[in-house]
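Colleague: Mind looking over this structure? Questions follow.
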Amino acid sequence: MLILGIESSCDDTAASVLADGKEILSNVLTSQDQIHSPFGGVVPELASRRHLESIYPVVEQALDEARVSLGDIGLIAVTQGPGLIGSLLVGFSFAKAISNVRSLPFRGVDHMAGHILSIFLEQDTPAFPYIALIASGGTTSLYLAKSFTSFTLLGRTRDDAAGEAFDKVAKLLGLSYPGGPVVAKLAETGEPHFISFPRAWLEEDSLDFSFSGLKTAVLTYCNQARQQSELLQISHICASFQEAVIEVLVEKALKAAQIHGISTVVVGGGVSANSRLRQVMALRCAKQNLQCFFPRPAYSTDNAAMIALAGYHFFKEFGPSSLDEDVYSRSQLV
Ligand code: KG4
């Protein structure tokens, strides 16, 4: 079965053709980073307008690169939520229209399910059950993945997502958007323990996250340094901030594995592109005899191949979605 995946939940318009829930025939994405960069974050109205312009050419390119036509497609999988409503509506309505006109089944997909399953786009795949740490610009959550369609939410951020914290810290340091890659680059030449920024562990055994206090701590540090006319040591600030985020992400994922007696950890979402996170997680997992999996960055950031993959499994288990379904802004995986 050929699946056409469509993703437009935030600021990337993406389409992919996947064969039998595994083989990627095409994976096309247009990024809106340049549009949102002057604002230091995604502007919802600008995002949905650009999705409208991009959706048709992106889907057409995905079909062309896969050397197939709509007549070859057996299922349309599309992100239903969570995300920005205006952005989601563009992809969702486009998928519904194709489904209706071509009498094709379509399956709405929770974006988080895509991230949890994105590791199955790789050759080396984990066995269920596993702990999935999903850290992106919009969310930071821990799930227990029991099968291709069964996930339990174990913890999530109570305020900023990890990627959002990277973006906000980059903005206050006068760096470009998205903040994650630029902060990570500068951190390479900084000392991770130069400044002791706070780690929000929350209550004992809590698997929730909180990153807004850390962001404020970076702001306070910078303000104090400026007041004392000290030169901001940007690399050290980036490295120390990044270390604080990573330590919490890694330790909470390991705690989830320990509490639930699980021996595999999978990391996804845009922040999982961070090489220091990959390094620390791999080291800590090896110490605890845990297996650790990271999809390559192109599959861990937002993409439509993971939506096609998740849609394929949900369709097999639950059948198609109905044309009168709507998009939603908050994840329905609980
Ligand atoms: O999953 P994703 O592509 O989409 C959204 O959530 O929209 O994640 C994007 C987020 C951004 O906040 C970005 O700053 C962050 O992932 N990110 C990183 C890195 N690359 C992207 N954060 C830390 N280190 C990186 N190397």
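By convention in this document, the chains of the structure tokens carry letters A, B, ... by their order, each chain's residues are numbered from 1, and ligands are numbered from 1 in the order they are shown.
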Please provide the set of residues having any atom within 7 Å of A:Val267, restricted to only C-alpha atoms, with same-chain residues fewer than 3 positions apart removed, written as a compact mmCIF listing (two decimals) with C-alpha atoms, in the first residue's frame.
Modeller:
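What landed in result-v5.txt:
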```
# COMPACT_ATOMS: atom_id res chain seq x y z
CA ALA A 132 9.75 7.64 24.15
CA LEU A 133 11.16 11.05 25.04
CA ILE A 134 9.74 13.59 22.59
CA SER A 272 16.87 15.21 19.62
CA PHE A 293 17.66 4.81 19.78
CA PHE A 294 17.69 8.13 17.93
```
Colleague: Output the neighbourhood of ligand 1 as a PyMOL selection string, that is, all protein and nucleic acid residues with some atom at most 6 Å from the ligand, counting only C-alpha atoms and all ligand atoms.
Modeller: chain A and resi 10+136-138+163-164+166-167+178-181+184+269-271+273-274+301-302
Colleague: List the neighbours of A:Gly81 out to 9 Å using only C-alpha atoms; skip same-chain residues closer than 4 positions along the sequence, and give me the result as a compact mmCIF listing (two decimals) with all heavy atoms, in the first residue's frame.
Modeller:
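Generated output (part-v7.txt):
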```
# COMPACT_ATOMS: atom_id res chain seq x y z
N SER A 9 1.50 21.03 10.90
CA SER A 9 1.02 21.40 12.25
C SER A 9 1.61 22.71 12.76
O SER A 9 1.02 23.37 13.60
CB SER A 9 1.32 20.29 13.24
OG SER A 9 2.71 20.09 13.34
N ILE A 85 -3.96 25.82 15.04
CA ILE A 85 -5.21 25.46 14.36
C ILE A 85 -5.21 25.90 12.89
O ILE A 85 -5.55 25.12 12.00
CB ILE A 85 -6.43 26.04 15.12
CG1 ILE A 85 -6.59 25.32 16.47
CG2 ILE A 85 -7.71 25.96 14.30
CD1 ILE A 85 -6.89 23.82 16.37
N LEU A 88 -2.84 23.60 10.94
CA LEU A 88 -3.38 22.24 10.84
C LEU A 88 -4.50 22.18 9.80
O LEU A 88 -4.59 21.24 9.01
CB LEU A 88 -3.94 21.79 12.19
CG LEU A 88 -2.91 21.44 13.27
CD1 LEU A 88 -3.57 21.44 14.65
CD2 LEU A 88 -2.28 20.08 12.99
N GLY A 108 -6.62 10.70 10.09
CA GLY A 108 -6.05 11.77 10.89
C GLY A 108 -5.06 11.16 11.88
O GLY A 108 -5.31 10.09 12.44
N VAL A 109 -3.92 11.84 12.07
CA VAL A 109 -2.84 11.29 12.91
C VAL A 109 -2.47 12.31 13.98
O VAL A 109 -2.34 13.50 13.68
CB VAL A 109 -1.60 10.99 12.03
CG1 VAL A 109 -0.41 10.57 12.89
CG2 VAL A 109 -1.91 9.92 10.99
N ASP A 110 -2.28 11.84 15.20
CA ASP A 110 -1.75 12.71 16.24
C ASP A 110 -0.24 12.88 15.97
O ASP A 110 0.49 11.90 15.83
CB ASP A 110 -1.98 12.09 17.63
CG ASP A 110 -1.75 13.10 18.74
OD1 ASP A 110 -0.57 13.49 18.97
OD2 ASP A 110 -2.74 13.51 19.38
N HIS A 111 0.17 14.14 15.89
CA HIS A 111 1.57 14.46 15.57
C HIS A 111 2.54 13.75 16.53
O HIS A 111 3.62 13.30 16.12
CB HIS A 111 1.71 15.98 15.69
CG HIS A 111 3.05 16.52 15.31
ND1 HIS A 111 3.43 16.70 14.02
CD2 HIS A 111 4.09 16.91 16.08
CE1 HIS A 111 4.66 17.20 13.99
NE2 HIS A 111 5.09 17.33 15.23
N MET A 112 2.14 13.62 17.80
CA MET A 112 3.02 12.97 18.77
C MET A 112 3.21 11.49 18.45
O MET A 112 4.29 10.94 18.67
CB MET A 112 2.46 13.12 20.20
CG MET A 112 2.29 14.55 20.64
SD MET A 112 3.78 15.54 20.39
CE MET A 112 4.88 14.76 21.55
N VAL A 327 -9.70 19.31 13.38
CA VAL A 327 -8.35 19.37 13.95
C VAL A 327 -8.45 19.72 15.44
O VAL A 327 -9.50 20.16 15.91
CB VAL A 327 -7.48 20.43 13.23
CG1 VAL A 327 -7.28 20.05 11.79
CG2 VAL A 327 -8.11 21.82 13.32
N TYR A 328 -7.35 19.51 16.19
CA TYR A 328 -7.32 19.87 17.61
C TYR A 328 -5.95 20.45 17.96
O TYR A 328 -4.95 20.10 17.33
CB TYR A 328 -7.66 18.69 18.51
CG TYR A 328 -6.89 17.42 18.20
CD1 TYR A 328 -5.60 17.23 18.67
CD2 TYR A 328 -7.48 16.38 17.45
CE1 TYR A 328 -4.89 16.06 18.39
CE2 TYR A 328 -6.78 15.22 17.17
CZ TYR A 328 -5.49 15.06 17.64
OH TYR A 328 -4.79 13.91 17.37
N SER A 329 -5.93 21.34 18.96
CA SER A 329 -4.67 22.02 19.28
C SER A 329 -3.82 21.28 20.31
O SER A 329 -2.61 21.46 20.37
CB SER A 329 -4.94 23.44 19.77
OG SER A 329 -5.76 23.39 20.91
N ARG A 330 -4.45 20.44 21.16
CA ARG A 330 -3.69 19.72 22.21
C ARG A 330 -3.69 18.24 21.92
O ARG A 330 -4.72 17.70 21.50
CB ARG A 330 -4.33 19.95 23.59
CG ARG A 330 -4.07 21.34 24.08
CD ARG A 330 -4.78 21.61 25.39
NE ARG A 330 -4.24 22.83 25.95
CZ ARG A 330 -3.29 22.88 26.88
NH1 ARG A 330 -2.79 21.77 27.37
NH2 ARG A 330 -2.83 24.03 27.31
N SER A 331 -2.56 17.59 22.20
CA SER A 331 -2.46 16.16 21.88
C SER A 331 -3.55 15.37 22.59
O SER A 331 -3.90 15.65 23.73
CB SER A 331 -1.09 15.62 22.30
OG SER A 331 -1.04 14.23 22.05
N GLN A 332 -4.08 14.38 21.89
CA GLN A 332 -5.11 13.54 22.49
C GLN A 332 -4.53 12.24 23.00
O GLN A 332 -5.28 11.34 23.40
CB GLN A 332 -6.23 13.32 21.47
CG GLN A 332 -6.81 14.66 21.03
CD GLN A 332 -8.21 14.60 20.53
OE1 GLN A 332 -8.67 13.57 20.04
NE2 GLN A 332 -8.93 15.71 20.64
```
Colleague: Write out as a PyMOL selection string all residues of stretch 100-304 of chain A that DSSP puts in strand (DSSP E) for this structure's backbone.
Modeller: chain A and resi 106-110+130-135+140-147+150-156+264-268+291-293
Colleague: Counting only C-alpha atoms, which of A:Leu75, A:Phe314, A:Arg102, A:Lys171 gets nearest to A:Met1?
Modeller: A:Leu75
Colleague: List as a ChimeraX atom specification the protein and nucleic acid residues near A:Leu323, meaning an atom at most 9 Å away when only C-alpha atoms are counted, but skip any in the same chain fewer than 4 places from it.
Modeller: /A:96,99-100,106
Colleague: Contacts of A:Ser37 at 8 Å or less, counting only C-alpha atoms, minus same-chain residues fewer than 5 places along, as a list in words?
Modeller: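 The neighbour list is Val42, Ser176, Tyr177 and Pro178 of chain A.
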Colleague: With all heavy atoms retained, export the selected residues as an mmCIF file, in the first residue's frame.
Modeller:
```cif
data_model
loop_
_atom_site.group_PDB
_atom_site.id
_atom_site.type_symbol
_atom_site.label_atom_id
_atom_site.label_comp_id
_atom_site.auth_asym_id
_atom_site.auth_seq_id
_atom_site.Cartn_x
_atom_site.Cartn_y
_atom_site.Cartn_z
ATOM 1 N N VAL A 42 7.411 31.398 16.001
ATOM 2 C CA VAL A 42 6.453 31.219 14.909
ATOM 3 C C VAL A 42 5.268 32.187 15.059
ATOM 4 O O VAL A 42 4.665 32.265 16.138
ATOM 5 C CB VAL A 42 5.929 29.766 14.883
ATOM 6 C CG1 VAL A 42 4.883 29.591 13.786
ATOM 7 C CG2 VAL A 42 7.088 28.802 14.670
ATOM 8 N N SER A 176 19.915 33.910 16.272
ATOM 9 C CA SER A 176 18.859 33.733 15.271
ATOM 10 C C SER A 176 17.879 32.621 15.646
ATOM 11 O O SER A 176 18.123 31.832 16.564
ATOM 12 C CB SER A 176 19.488 33.439 13.911
ATOM 13 O OG SER A 176 20.267 32.270 13.997
ATOM 14 N N TYR A 177 16.769 32.566 14.908
ATOM 15 C CA TYR A 177 15.728 31.554 15.087
ATOM 16 C C TYR A 177 15.824 30.533 13.958
ATOM 17 O O TYR A 177 16.063 30.928 12.818
ATOM 18 C CB TYR A 177 14.342 32.223 15.085
ATOM 19 C CG TYR A 177 13.209 31.238 15.091
ATOM 20 C CD1 TYR A 177 12.738 30.720 16.291
ATOM 21 C CD2 TYR A 177 12.655 30.776 13.893
ATOM 22 C CE1 TYR A 177 11.709 29.777 16.294
ATOM 23 C CE2 TYR A 177 11.637 29.839 13.899
ATOM 24 C CZ TYR A 177 11.170 29.347 15.104
ATOM 25 O OH TYR A 177 10.169 28.411 15.110
ATOM 26 N N PRO A 178 15.612 29.234 14.175
ATOM 27 C CA PRO A 178 15.361 28.603 15.469
ATOM 28 C C PRO A 178 16.626 28.541 16.332
ATOM 29 O O PRO A 178 17.724 28.388 15.815
ATOM 30 C CB PRO A 178 14.887 27.198 15.069
ATOM 31 C CG PRO A 178 15.467 26.948 13.723
ATOM 32 C CD PRO A 178 15.588 28.282 13.055
#
```
Colleague: If you count only C-alpha atoms, which residues fall within 12 Å of stretch 50-66 of chain A, apart from same-chain ones fewer than 4 positions away, as a ChimeraX atom specification?
Modeller: /A:2-19,23-36,42-46,70-73,76,78,84-95,97-98,304-305
Colleague: From a DSSP pass on the backbone, collect the residues of stretch 126-254 of chain A flagged as alpha helix (DSSP H) and hand them back as a ChimeraX atom specification.
Modeller: /A:162-172,179-187,212-227,234-254
